[in-house]
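Q: Below is the file entry12.tsv, which contains TSV, C-alpha atoms.
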```tsv
chain	number	residue	atom	x	y	z
T	1	MET	CA	0.00	0.00	0.00
T	2	ALA	CA	2.74	2.41	0.94
T	3	GLY	CA	4.14	2.33	-2.58
T	4	ARG	CA	1.18	3.68	-4.49
T	5	TRP	CA	1.08	7.40	-3.93
T	6	ILE	CA	3.01	10.28	-5.38
T	7	THR	CA	2.84	14.04	-5.73
T	8	SER	CA	1.15	15.53	-8.78
T	9	SER	CA	2.03	19.21	-8.55
T	10	LEU	CA	4.57	21.61	-7.08
T	11	CYS	CA	3.94	25.29	-6.46
T	12	ALA	CA	5.75	28.38	-5.27
T	13	LEU	CA	4.55	31.39	-3.29
T	14	ALA	CA	4.82	35.17	-3.49
T	15	LEU	CA	3.27	38.57	-4.57
T	16	LEU	CA	0.10	40.59	-4.84
T	17	ALA	CA	-1.67	40.56	-8.24
T	18	PRO	CA	-4.12	43.16	-9.58
T	19	ALA	CA	-7.82	42.44	-9.91
T	20	SER	CA	-10.41	42.94	-12.64
T	21	ILE	CA	-12.35	40.40	-14.58
T	22	GLY	CA	-13.12	42.79	-17.43
T	23	ALA	CA	-16.65	41.64	-18.21
T	24	ALA	CA	-17.46	44.71	-20.29
T	25	SER	CA	-14.41	44.36	-22.51
T	26	ALA	CA	-15.13	40.65	-22.94
T	27	ALA	CA	-18.62	41.48	-24.16
T	28	GLU	CA	-17.21	44.08	-26.55
T	29	ALA	CA	-14.67	41.58	-27.86
T	30	GLU	CA	-17.35	38.98	-28.42
T	31	ALA	CA	-19.40	41.50	-30.36
T	32	GLU	CA	-16.34	42.19	-32.51
T	33	GLY	CA	-15.83	38.48	-33.07
T	34	GLY	CA	-19.49	37.92	-33.90
T	35	ARG	CA	-20.54	34.34	-34.41
T	36	THR	CA	-16.91	33.19	-34.49
T	37	ALA	CA	-15.98	34.49	-31.00
T	38	LEU	CA	-14.79	31.35	-29.24
T	39	ARG	CA	-14.68	31.73	-25.45
T	40	VAL	CA	-12.20	29.47	-23.67
T	41	MET	CA	-10.80	29.06	-20.18
T	42	THR	CA	-8.03	27.09	-18.48
T	43	ARG	CA	-8.51	26.23	-14.81
T	44	ASN	CA	-6.36	24.25	-12.39
T	45	LEU	CA	-8.73	23.19	-9.59
T	46	TYR	CA	-6.00	22.35	-7.02
T	47	LEU	CA	-6.16	18.85	-5.61
T	48	GLY	CA	-6.37	20.25	-2.07
T	49	ALA	CA	-2.92	19.79	-0.54
T	50	ASP	CA	0.80	19.85	-1.17
T	51	LEU	CA	1.81	16.19	-1.52
T	52	ALA	CA	5.55	16.76	-1.14
T	53	PRO	CA	5.59	15.45	2.49
T	54	VAL	CA	4.45	12.05	1.21
T	55	LEU	CA	7.49	11.84	-1.04
T	56	ALA	CA	9.74	12.99	1.78
T	57	ALA	CA	8.64	10.21	4.16
T	58	THR	CA	11.51	7.95	5.19
T	59	SER	CA	9.64	5.29	7.18
T	60	PRO	CA	6.23	3.58	7.13
T	61	GLN	CA	5.26	5.56	10.23
T	62	GLY	CA	6.39	8.77	8.58
T	63	LEU	CA	4.35	7.93	5.50
T	64	VAL	CA	1.19	7.40	7.56
T	65	ALA	CA	1.79	10.71	9.35
T	66	ALA	CA	2.30	12.51	6.02
T	67	VAL	CA	-0.85	11.04	4.47
T	68	THR	CA	-2.82	11.92	7.61
T	69	ALA	CA	-1.67	15.55	7.40
T	70	VAL	CA	-2.31	15.74	3.66
T	71	TRP	CA	-5.85	14.39	4.02
T	72	ALA	CA	-6.56	16.89	6.79
T	73	ASN	CA	-5.49	19.68	4.43
T	74	VAL	CA	-7.69	18.30	1.63
T	75	GLN	CA	-10.67	18.45	3.97
T	76	ALA	CA	-9.73	21.92	5.24
T	77	THR	CA	-9.46	23.33	1.72
T	78	ASP	CA	-13.06	22.22	1.25
T	79	PHE	CA	-13.57	21.65	-2.47
T	80	PRO	CA	-17.40	21.73	-2.29
T	81	GLU	CA	-17.14	25.31	-1.01
T	82	ARG	CA	-14.44	26.23	-3.54
T	83	ALA	CA	-16.48	24.67	-6.35
T	84	GLU	CA	-19.14	27.31	-5.80
T	85	ALA	CA	-16.59	30.06	-6.49
T	86	LEU	CA	-15.14	28.15	-9.46
T	87	ALA	CA	-18.61	27.64	-10.92
T	88	ASP	CA	-19.33	31.36	-10.49
T	89	GLU	CA	-16.18	32.13	-12.51
T	90	ILE	CA	-17.23	29.82	-15.32
T	91	ALA	CA	-20.84	30.98	-15.27
T	92	GLU	CA	-19.78	34.64	-15.55
T	93	SER	CA	-17.25	33.96	-18.30
T	94	ASP	CA	-19.62	31.61	-20.14
T	95	PRO	CA	-16.87	29.78	-22.10
T	96	HIS	CA	-17.60	27.32	-24.86
T	97	LEU	CA	-14.71	25.14	-23.65
T	98	VAL	CA	-12.84	24.79	-20.34
T	99	GLY	CA	-9.54	22.98	-19.95
T	100	VAL	CA	-9.51	21.59	-16.42
T	101	GLN	CA	-6.45	20.31	-14.56
T	102	GLU	CA	-6.38	18.46	-11.22
T	103	ALA	CA	-10.00	17.32	-11.53
T	104	VAL	CA	-9.16	14.75	-8.90
T	105	LEU	CA	-11.10	11.85	-7.48
T	106	TRP	CA	-10.43	11.11	-3.81
T	107	ARG	CA	-11.52	7.69	-2.54
T	108	SER	CA	-11.12	5.78	0.71
T	109	GLN	CA	-11.16	2.26	2.11
T	110	THR	CA	-11.88	1.44	5.76
T	111	PRO	CA	-10.08	-0.36	7.23
T	112	ALA	CA	-6.89	-0.17	5.20
T	113	GLY	CA	-6.02	-3.41	3.49
T	114	PRO	CA	-5.66	-5.30	0.23
T	115	GLY	CA	-7.42	-4.08	-2.89
T	116	SER	CA	-8.12	-0.54	-4.08
T	117	ALA	CA	-10.22	2.07	-2.32
T	118	THR	CA	-13.60	2.61	-3.98
T	119	HIS	CA	-15.63	4.77	-1.57
T	120	VAL	CA	-15.87	8.25	-3.13
T	121	GLU	CA	-14.94	11.06	-0.76
T	122	TYR	CA	-14.68	13.90	-3.31
T	123	ASP	CA	-15.22	13.76	-7.07
T	124	PHE	CA	-14.05	17.24	-8.05
T	125	LEU	CA	-15.34	16.93	-11.60
T	126	GLN	CA	-18.86	15.89	-10.64
T	127	ILE	CA	-19.05	18.47	-7.85
T	128	LEU	CA	-18.10	21.23	-10.29
T	129	LEU	CA	-20.56	20.03	-12.95
T	130	ASP	CA	-23.34	19.94	-10.35
T	131	GLU	CA	-22.57	23.52	-9.27
T	132	LEU	CA	-22.64	24.66	-12.90
T	133	SER	CA	-25.95	22.92	-13.45
T	134	ALA	CA	-27.36	24.68	-10.38
T	135	ARG	CA	-26.49	27.96	-12.11
T	136	GLY	CA	-28.27	26.94	-15.31
T	137	LYS	CA	-24.97	26.23	-17.09
T	138	HIS	CA	-24.73	22.98	-19.00
T	139	TYR	CA	-21.33	21.39	-19.53
T	140	ALA	CA	-20.07	17.88	-20.10
T	141	ALA	CA	-16.68	16.25	-20.26
T	142	VAL	CA	-15.73	15.85	-23.90
T	143	ALA	CA	-12.90	13.56	-22.86
T	144	SER	CA	-10.53	13.05	-19.93
T	145	VAL	CA	-7.20	11.42	-19.19
T	146	THR	CA	-6.01	9.97	-15.89
T	147	VAL	CA	-2.67	11.60	-15.08
T	148	GLY	CA	-0.19	11.67	-12.23
T	149	SER	CA	-1.07	7.96	-11.95
T	150	ASP	CA	-3.40	6.40	-9.39
T	151	PHE	CA	-1.94	6.06	-5.89
T	152	GLU	CA	-3.10	4.89	-2.50
T	153	ALA	CA	-1.61	4.96	1.00
T	154	PRO	CA	-2.84	4.69	4.63
T	155	ARG	CA	-3.68	7.44	7.08
T	156	SER	CA	-4.31	7.28	10.79
T	157	THR	CA	-7.83	7.60	12.24
T	158	PRO	CA	-9.16	7.09	15.79
T	159	GLY	CA	-10.49	3.72	14.61
T	160	GLY	CA	-7.29	2.57	12.92
T	161	LEU	CA	-5.73	2.90	9.48
T	162	GLN	CA	-7.76	4.03	6.46
T	163	ASP	CA	-6.52	3.92	2.86
T	164	ILE	CA	-6.74	7.17	0.91
T	165	ARG	CA	-6.60	6.97	-2.88
T	166	LEU	CA	-5.86	9.82	-5.27
T	167	THR	CA	-6.77	9.68	-8.96
T	168	ASP	CA	-5.77	12.78	-10.93
T	169	ARG	CA	-7.47	13.74	-14.21
T	170	ASP	CA	-7.27	16.39	-16.91
T	171	VAL	CA	-10.61	17.12	-18.58
T	172	LEU	CA	-11.95	19.18	-21.46
T	173	LEU	CA	-15.42	20.53	-20.73
T	174	ALA	CA	-17.75	21.77	-23.46
T	175	ARG	CA	-21.13	23.49	-23.44
T	176	THR	CA	-24.04	21.20	-24.25
T	177	ASP	CA	-26.89	23.72	-24.42
T	178	LEU	CA	-26.19	25.25	-27.84
T	179	PRO	CA	-27.73	24.02	-31.11
T	180	ALA	CA	-25.33	21.82	-33.06
T	181	HIS	CA	-25.40	24.18	-36.05
T	182	LYS	CA	-24.03	26.95	-33.80
T	183	PHE	CA	-21.49	25.03	-31.72
T	184	SER	CA	-20.36	21.43	-31.69
T	185	VAL	CA	-17.37	19.28	-30.78
T	186	ALA	CA	-16.07	16.17	-32.52
T	187	ASN	CA	-13.01	13.97	-32.78
T	188	ALA	CA	-12.46	13.83	-29.01
T	189	GLN	CA	-9.20	12.13	-28.09
T	190	SER	CA	-6.82	11.78	-25.18
T	191	ALA	CA	-3.54	10.07	-24.38
T	192	ARG	CA	-0.71	9.91	-21.87
T	193	PHE	CA	2.72	11.16	-22.79
T	194	GLN	CA	5.47	8.65	-23.41
T	195	SER	CA	7.79	10.89	-21.35
T	196	HIS	CA	7.17	10.39	-17.65
T	197	LEU	CA	8.86	10.76	-14.28
T	198	PRO	CA	10.06	7.53	-12.64
T	199	VAL	CA	10.00	7.60	-8.85
T	200	CYS	CA	12.35	5.93	-6.41
T	201	ARG	CA	11.92	6.47	-2.67
T	202	PRO	CA	12.86	4.10	0.18
T	203	VAL	CA	9.31	3.96	1.56
T	204	LEU	CA	7.52	4.00	-1.79
T	205	GLY	CA	9.82	1.55	-3.51
T	206	CYS	CA	12.08	1.68	-6.53
T	207	PRO	CA	12.03	0.11	-10.00
T	208	PRO	CA	12.08	-2.69	-10.95
T	209	ASN	CA	10.48	-4.00	-7.75
T	210	ALA	CA	8.01	-1.12	-7.49
T	211	PRO	CA	7.95	0.71	-10.82
T	212	LEU	CA	6.26	3.92	-9.74
T	213	ARG	CA	5.91	6.67	-12.30
T	214	ILE	CA	4.21	10.04	-12.56
T	215	GLU	CA	2.46	10.25	-15.91
T	216	ARG	CA	0.92	13.25	-17.64
T	217	GLY	CA	-1.31	13.52	-20.67
T	218	TRP	CA	-3.50	15.62	-22.93
T	219	VAL	CA	-7.11	15.88	-24.08
T	220	ALA	CA	-8.23	17.30	-27.44
T	221	ALA	CA	-11.33	17.89	-29.54
T	222	ASP	CA	-12.24	19.75	-32.72
T	223	ALA	CA	-14.70	22.54	-31.97
T	224	THR	CA	-16.88	24.09	-34.67
T	225	LEU	CA	-18.34	27.53	-34.05
T	226	GLY	CA	-20.18	29.55	-36.68
T	227	GLY	CA	-19.08	27.11	-39.36
T	228	ARG	CA	-15.38	27.39	-38.50
T	229	THR	CA	-13.42	24.61	-36.80
T	230	ALA	CA	-10.43	24.71	-34.44
T	231	ARG	CA	-8.51	22.00	-32.59
T	232	VAL	CA	-8.61	22.66	-28.83
T	233	VAL	CA	-6.13	20.84	-26.58
T	234	THR	CA	-5.67	20.92	-22.81
T	235	THR	CA	-2.75	19.59	-20.77
T	236	HIS	CA	-0.86	19.75	-17.47
T	237	LEU	CA	2.88	19.33	-17.93
T	238	GLU	CA	5.26	17.78	-15.40
T	239	PRO	CA	6.53	20.31	-12.80
T	240	ALA	CA	9.24	18.30	-11.05
T	241	ALA	CA	11.58	17.34	-13.92
T	242	PRO	CA	12.41	19.99	-16.55
T	243	ALA	CA	13.76	17.50	-19.11
T	244	VAL	CA	10.61	15.37	-18.86
T	245	GLN	CA	8.40	18.46	-19.11
T	246	GLU	CA	10.17	19.73	-22.22
T	247	ALA	CA	9.92	16.29	-23.83
T	248	GLN	CA	6.17	16.34	-23.12
T	249	ALA	CA	5.91	19.73	-24.83
T	250	ASP	CA	7.68	18.23	-27.85
T	251	GLU	CA	5.18	15.35	-27.84
T	252	LEU	CA	2.34	17.87	-27.88
T	253	ILE	CA	3.85	19.68	-30.86
T	254	ALA	CA	4.34	16.42	-32.77
T	255	GLY	CA	1.02	14.94	-31.65
T	256	PRO	CA	-2.35	16.64	-31.11
T	257	LEU	CA	-1.01	20.09	-32.07
T	258	ASN	CA	0.23	18.72	-35.40
T	259	THR	CA	-2.77	19.75	-37.48
T	260	THR	CA	-3.64	22.14	-40.28
T	261	LEU	CA	-6.63	23.36	-38.28
T	262	PRO	CA	-6.45	26.58	-36.27
T	263	THR	CA	-5.26	25.38	-32.87
T	264	VAL	CA	-5.82	26.45	-29.26
T	265	LEU	CA	-3.81	25.10	-26.31
T	266	LEU	CA	-5.20	25.51	-22.78
T	267	GLY	CA	-3.27	24.44	-19.74
T	268	ASP	CA	-0.94	24.57	-16.81
T	269	LEU	CA	2.44	24.19	-18.50
T	270	ASN	CA	4.50	24.63	-15.31
T	271	SER	CA	6.88	26.68	-17.47
T	272	ALA	CA	7.16	30.33	-16.47
T	273	ALA	CA	6.59	32.80	-19.28
T	274	GLY	CA	9.97	34.21	-20.25
T	275	GLY	CA	11.31	33.00	-16.90
T	276	VAL	CA	9.47	35.89	-15.20
T	277	GLY	CA	8.96	35.05	-11.55
T	278	ALA	CA	10.23	31.55	-12.17
T	279	THR	CA	11.14	29.41	-9.20
T	280	PRO	CA	13.66	26.60	-9.72
T	281	GLY	CA	12.12	24.07	-12.06
T	282	THR	CA	9.72	26.46	-13.78
T	283	ASP	CA	12.39	28.34	-15.78
T	284	THR	CA	12.05	25.70	-18.51
T	285	GLN	CA	11.89	25.97	-22.30
T	286	SER	CA	8.42	24.41	-22.76
T	287	HIS	CA	6.63	27.75	-23.20
T	288	ASN	CA	9.37	29.01	-25.53
T	289	ARG	CA	9.27	25.83	-27.62
T	290	LEU	CA	5.55	26.25	-28.18
T	291	LEU	CA	6.08	29.86	-29.25
T	292	ALA	CA	8.85	28.70	-31.59
T	293	ALA	CA	6.38	26.20	-33.06
T	294	GLY	CA	4.21	29.12	-34.18
T	295	PHE	CA	1.93	29.64	-31.18
T	296	THR	CA	0.97	33.05	-29.85
T	297	ASP	CA	0.32	33.73	-26.17
T	298	ALA	CA	-3.15	35.27	-25.81
T	299	TRP	CA	-2.08	37.09	-22.66
T	300	THR	CA	0.91	38.91	-24.13
T	301	ALA	CA	-1.01	39.52	-27.36
T	302	THR	CA	-3.70	41.47	-25.54
T	303	ARG	CA	-2.05	42.61	-22.26
T	304	PRO	CA	1.69	43.02	-23.00
T	305	ARG	CA	2.40	45.26	-19.99
T	306	ASP	CA	0.58	43.09	-17.43
T	307	PRO	CA	2.62	40.23	-15.87
T	308	GLY	CA	-0.58	38.23	-15.35
T	309	PHE	CA	0.76	35.97	-12.60
T	310	THR	CA	-1.25	32.77	-12.08
T	311	CYS	CA	0.68	30.79	-9.44
T	312	CYS	CA	0.55	30.11	-6.52
T	313	GLN	CA	-1.44	30.65	-3.35
T	314	ALA	CA	-0.49	28.97	-0.06
T	315	PRO	CA	-1.26	25.23	0.26
T	316	ASP	CA	-3.98	25.93	2.84
T	317	LEU	CA	-5.51	28.61	0.55
T	318	ARG	CA	-5.95	30.98	3.50
T	319	ASN	CA	-3.18	33.51	2.82
T	320	ALA	CA	-4.59	36.97	3.53
T	321	THR	CA	-3.12	38.55	0.39
T	322	SER	CA	-2.50	36.99	-3.00
T	323	THR	CA	0.91	35.34	-3.44
T	324	LEU	CA	0.84	34.86	-7.22
T	325	THR	CA	4.33	35.52	-8.62
T	326	GLN	CA	4.70	33.56	-11.84
T	327	ARG	CA	2.69	32.95	-15.01
T	328	ILE	CA	2.45	29.26	-15.90
T	329	ASP	CA	-1.21	28.94	-17.01
T	330	TYR	CA	-1.91	29.76	-20.64
T	331	VAL	CA	-4.20	30.19	-23.58
T	332	LEU	CA	-1.99	29.76	-26.67
T	333	PHE	CA	-3.18	29.76	-30.28
T	334	ARG	CA	-1.88	29.24	-33.82
T	335	GLY	CA	-3.31	29.65	-37.30
T	336	LYS	CA	-6.36	31.66	-38.30
T	337	VAL	CA	-7.15	32.82	-34.77
T	338	LYS	CA	-7.01	36.27	-33.21
T	339	ALA	CA	-7.02	36.95	-29.46
T	340	LEU	CA	-9.58	39.61	-28.62
T	341	THR	CA	-9.27	39.54	-24.82
T	342	ALA	CA	-7.52	37.68	-22.02
T	343	HIS	CA	-8.33	37.97	-18.31
T	344	ARG	CA	-7.54	36.16	-15.12
T	345	VAL	CA	-10.16	34.71	-12.79
T	346	GLY	CA	-9.90	33.74	-9.13
T	347	HIS	CA	-6.98	36.09	-8.41
T	348	ALA	CA	-8.67	38.95	-6.52
T	349	LEU	CA	-9.44	39.13	-2.80
T	350	ALA	CA	-13.13	39.41	-3.64
T	351	ASP	CA	-12.95	36.02	-5.38
T	352	ARG	CA	-12.37	34.15	-2.12
T	353	THR	CA	-15.07	31.98	-0.60
T	354	PRO	CA	-17.14	33.10	2.42
T	355	SER	CA	-14.77	31.25	4.78
T	356	GLY	CA	-11.71	32.92	3.22
T	357	LEU	CA	-10.45	30.21	0.86
T	358	TRP	CA	-8.97	31.09	-2.52
T	359	PRO	CA	-10.87	29.17	-5.24
T	360	SER	CA	-7.60	27.40	-6.13
T	361	ASP	CA	-3.87	27.76	-5.63
T	362	HIS	CA	-3.80	28.99	-9.25
T	363	ALA	CA	-5.62	31.78	-10.99
T	364	GLY	CA	-7.43	30.78	-14.15
T	365	VAL	CA	-7.17	32.42	-17.57
T	366	ARG	CA	-10.08	33.10	-19.88
T	367	SER	CA	-9.88	34.44	-23.39
T	368	VAL	CA	-12.11	35.39	-26.27
T	369	LEU	CA	-10.69	34.25	-29.62
T	370	ARG	CA	-11.99	35.08	-33.06
T	371	LEU	CA	-11.81	32.22	-35.58
T	372	ARG	CA	-10.87	34.03	-38.77
```
Now that the file is in, can you turn its structure into structure tokens?
A:
Amino acid sequence: MAGRWITSSLCALALLAPASIGAASAAEAEAEGGRTALRVMTRNLYLGADLAPVLAATSPQGLVAAVTAVWANVQATDFPERAEALADEIAESDPHLVGVQEAVLWRSQTPAGPGSATHVEYDFLQILLDELSARGKHYAAVASVTVGSDFEAPRSTPGGLQDIRLTDRDVLLARTDLPAHKFSVANAQSARFQSHLPVCRPVLGCPPNAPLRIERGWVAADATLGGRTARVVTTHLEPAAPAVQEAQADELIAGPLNTTLPTVLLGDLNSAAGGVGATPGTDTQSHNRLLAAGFTDAWTATRPRDPGFTCCQAPDLRNATSTLTQRIDYVLFRGKVKALTAHRVGHALADRTPSGLWPSDHAGVRSVLRLR
């Protein structure tokens, strides 16, 4: 059991970021784009805790203590409450497509023992879809990919050990309430990258006896709006190993992004734009390689003097002021596409939940794109 759990994201802290969702300018941009104004968003939901202590455990007892602390943080960061704020963001932005990262599924098994945990504690994807439905917004998962692998380990409870299981997913959401002749999606596909991060820790095990690996992937679909079609891809690249991350970016370029269609990439690339605000590990070439492959950054195309930081808030999400200091979440595009607007969501103090939680440890990015 102890060898089935790993971290799926790393984040840094720091600085105050300016607010403003820019609803009026978004409406103006959509009017300019007319029936070909494609609204998109990328949103990392935050799995609810920093999993680094699990990797750092050096004994079975230490592993149990780490999992116990992590699970307490997952409960304290209260995704059902955060999902209300996230759903408000999506409802206000009204995107056709949302690239979602860390749409995790937390499950448990009591008592701990053989087999895999199946009791659902939190299904982030379903909780978010339910909140959207409650707001009269209709979305469905076009496709998803299980990433970061599927890991399980025990925590301590007053009644004994309980297994906690984490399944991480990237998902592409699409609106389902528009007539097919106005908006539709087809050719949904998903895959894991060949490039992955092997893991070797004394408590978790090492290959070949315990071949643990952190895997990442992508989801794509072809979206048709106003008679014009674009390939839309979402991904979450590896944060902990720059060489692996850059190889995954190359796989994207050679794989789902290798199309003659206008193309949009949504995601958390874990690669700081131009190295600005980069913490060790985020000053990678993934973002630059995508730009070199012909992509344009919607943020810099529309807001060149705004740093637009998107990462990261404190692991407990209760920091009193925003600590976003790097930009690693993107809307990129290539081909017959023009960026009309780009805005952040979930970055302002007013975006926090009633109990004071940030909606996520990341800010999201929404953009209006005209398919030319």
Q: If we count all atoms listed in the file and set the cut-off at 12 Å, which residues sit around segment 111-119 of chain T, ignoring sequence neighbours fewer than 5 positions away in its own chain? Please answer as a PyMOL selection string.
A: chain T and resi 1-2+4+64+105-106+150-167
Q: Excluding segment 230-234 of chain T and any residue of its chain fewer than 2 positions from it, enumerate the residues within 8 Å of it, using all atoms listed in the file, and give them as a list of chain:residue names.
A: T:Thr42, T:Gly99, T:Val100, T:Asp170, T:Val171, T:Leu172, T:Trp218, T:Val219, T:Ala220, T:Ala221, T:Asp222, T:Ala223, T:Thr224, T:Arg228, T:His236, T:Pro256, T:Leu257, T:Thr259, T:Leu261, T:Pro262, T:Thr263, T:Val264, T:Leu265, T:Leu266, T:Gly267, T:Leu371
Q: Which of these, T:Ala103, T:Leu173, T:Leu212, T:Val120, has the shortest distance to Thr146 of chain T once you count all atoms listed in the file?
A: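 Result for the nearest residue to Thr146 of chain T: T:Ala103.
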Q: Nearest residue to Ala241 of chain T out of T:Ile214, T:Ala69, T:Ala272, T:Leu129, using all atoms listed in the file?
A: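 Nearest candidate to Ala241 of chain T out of T:Ile214, T:Ala69, T:Ala272, T:Leu129: T:Ile214.
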Q: Within 10 Å of (4.9, 17.0, -27.4) (coordinates as in the file), grab all the protein and nucleic acid residues, counting all atoms listed in the file, and write them out as JSON, numbers by chain.
A: {"T": [193, 194, 195, 217, 218, 237, 245, 246, 247, 248, 249, 250, 251, 252, 253, 254, 255, 256, 257, 258, 286, 289, 290]}
Q: Just the residues within 9 Å of Asp316 of chain T, please, counting only C-alpha atoms, with nothing from its chain fewer than 5 positions along; format it as a PyMOL selection string.
A: chain T and resi 48-50+73-74+76-77+357-358+361
Q: Work out how far atom CA of Ala348 of chain T is from atom CA of Leu45 of chain T, in Å to one decimal.
A: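 Interatomic distance here is 16.1 Å.
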Q: Quick one, how far is atom CA of His362 of chain T from atom CA of Cys312 of chain T?
A: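 Taking atom CA of His362 of chain T and atom CA of Cys312 of chain T, their separation equals 5.3 Å.
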Q: Have a look at T:Arg135, T:His287, T:Arg39, T:Arg169 and name the one nearest to Asn270 of chain T; count all atoms listed in the file.
A: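 Nearest candidate to Asn270 of chain T out of T:Arg135, T:His287, T:Arg39, T:Arg169: T:His287.
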Q: Give me the residues near Lys182 of chain T as a VMD selection string, where near means some atom within 6 Å (using all atoms listed in the file) and where sequence neighbours in that chain fewer than 3 positions away do not count.
A: chain T and resid 179 225 to 226
Q: What does the file look like for those residues with C-alpha atoms, as an mmCIF file, in the frame of the given file?
A:
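The resulting file, part23.cif, is shown below:
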```
data_model
loop_
_atom_site.group_PDB
_atom_site.id
_atom_site.type_symbol
_atom_site.label_atom_id
_atom_site.label_comp_id
_atom_site.auth_asym_id
_atom_site.auth_seq_id
_atom_site.Cartn_x
_atom_site.Cartn_y
_atom_site.Cartn_z
ATOM 1 C CA PRO T 179 -27.730 24.020 -31.110
ATOM 2 C CA LEU T 225 -18.340 27.530 -34.050
ATOM 3 C CA GLY T 226 -20.180 29.550 -36.680
#
```
Q: For atom CA of Phe295 of chain T and atom CA of Phe333 of chain T, determine how far apart the two atoms are, in Å to one decimal place.
A: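 Going from atom CA of Phe295 of chain T over to atom CA of Phe333 of chain T covers 5.2 Å.
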Q: Under the rule that only C-alpha atoms are counted, which of T:Glu215, T:Glu81, T:Asp297, T:Glu131 is the nearest residue to Ala191 of chain T?
A: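 Using only C-alpha atoms, the shortest distance to Ala191 of chain T belongs to T:Glu215.
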Q: Once 6 Å is added on each side, what centre and edge lengths in Å to one decimal does the axis-aligned box around all listed atoms of segment 311-321 of chain T have, as AutoDock Vina command-line options?
A:
```
--center_x -2.6 --center_y 31.9 --center_z -3.0 --size_x 18.6 --size_y 25.3 --size_z 25.0
```
Q: Can you tell me which residues surround Leu369 of chain T at a distance of at most 7 Å, considering only C-alpha atoms, apart from same-chain residues fewer than 6 positions away, and format the answer as a list in words?
A: Ala37, Leu38, Arg39, Val337, Lys338, Ala339 and Leu340 of chain T
Q: I need the residues from that last selection saved to file as a PDB file, in the coordinates of the input (with C-alpha atoms), if you can.
A:
```
ATOM      1  CA  ALA T  37     -15.980  34.490 -31.000  1.00  0.00           C
ATOM      2  CA  LEU T  38     -14.790  31.350 -29.240  1.00  0.00           C
ATOM      3  CA  ARG T  39     -14.680  31.730 -25.450  1.00  0.00           C
ATOM      4  CA  VAL T 337      -7.150  32.820 -34.770  1.00  0.00           C
ATOM      5  CA  LYS T 338      -7.010  36.270 -33.210  1.00  0.00           C
ATOM      6  CA  ALA T 339      -7.020  36.950 -29.460  1.00  0.00           C
ATOM      7  CA  LEU T 340      -9.580  39.610 -28.620  1.00  0.00           C
TER       8      LEU T 340
END
```
Q: Give as a tab-separated table (two decimals) with C-alpha atoms, keeping the file's coordinate frame every residue, naming chains and numbers as the document does, that has an atom within 6 Å of (-11.7, 15.8, -28.0), counting only C-alpha atoms.
A:
```
chain	number	residue	atom	x	y	z
T	142	VAL	CA	-15.73	15.85	-23.90
T	143	ALA	CA	-12.90	13.56	-22.86
T	187	ASN	CA	-13.01	13.97	-32.78
T	188	ALA	CA	-12.46	13.83	-29.01
T	189	GLN	CA	-9.20	12.13	-28.09
T	220	ALA	CA	-8.23	17.30	-27.44
T	221	ALA	CA	-11.33	17.89	-29.54
```
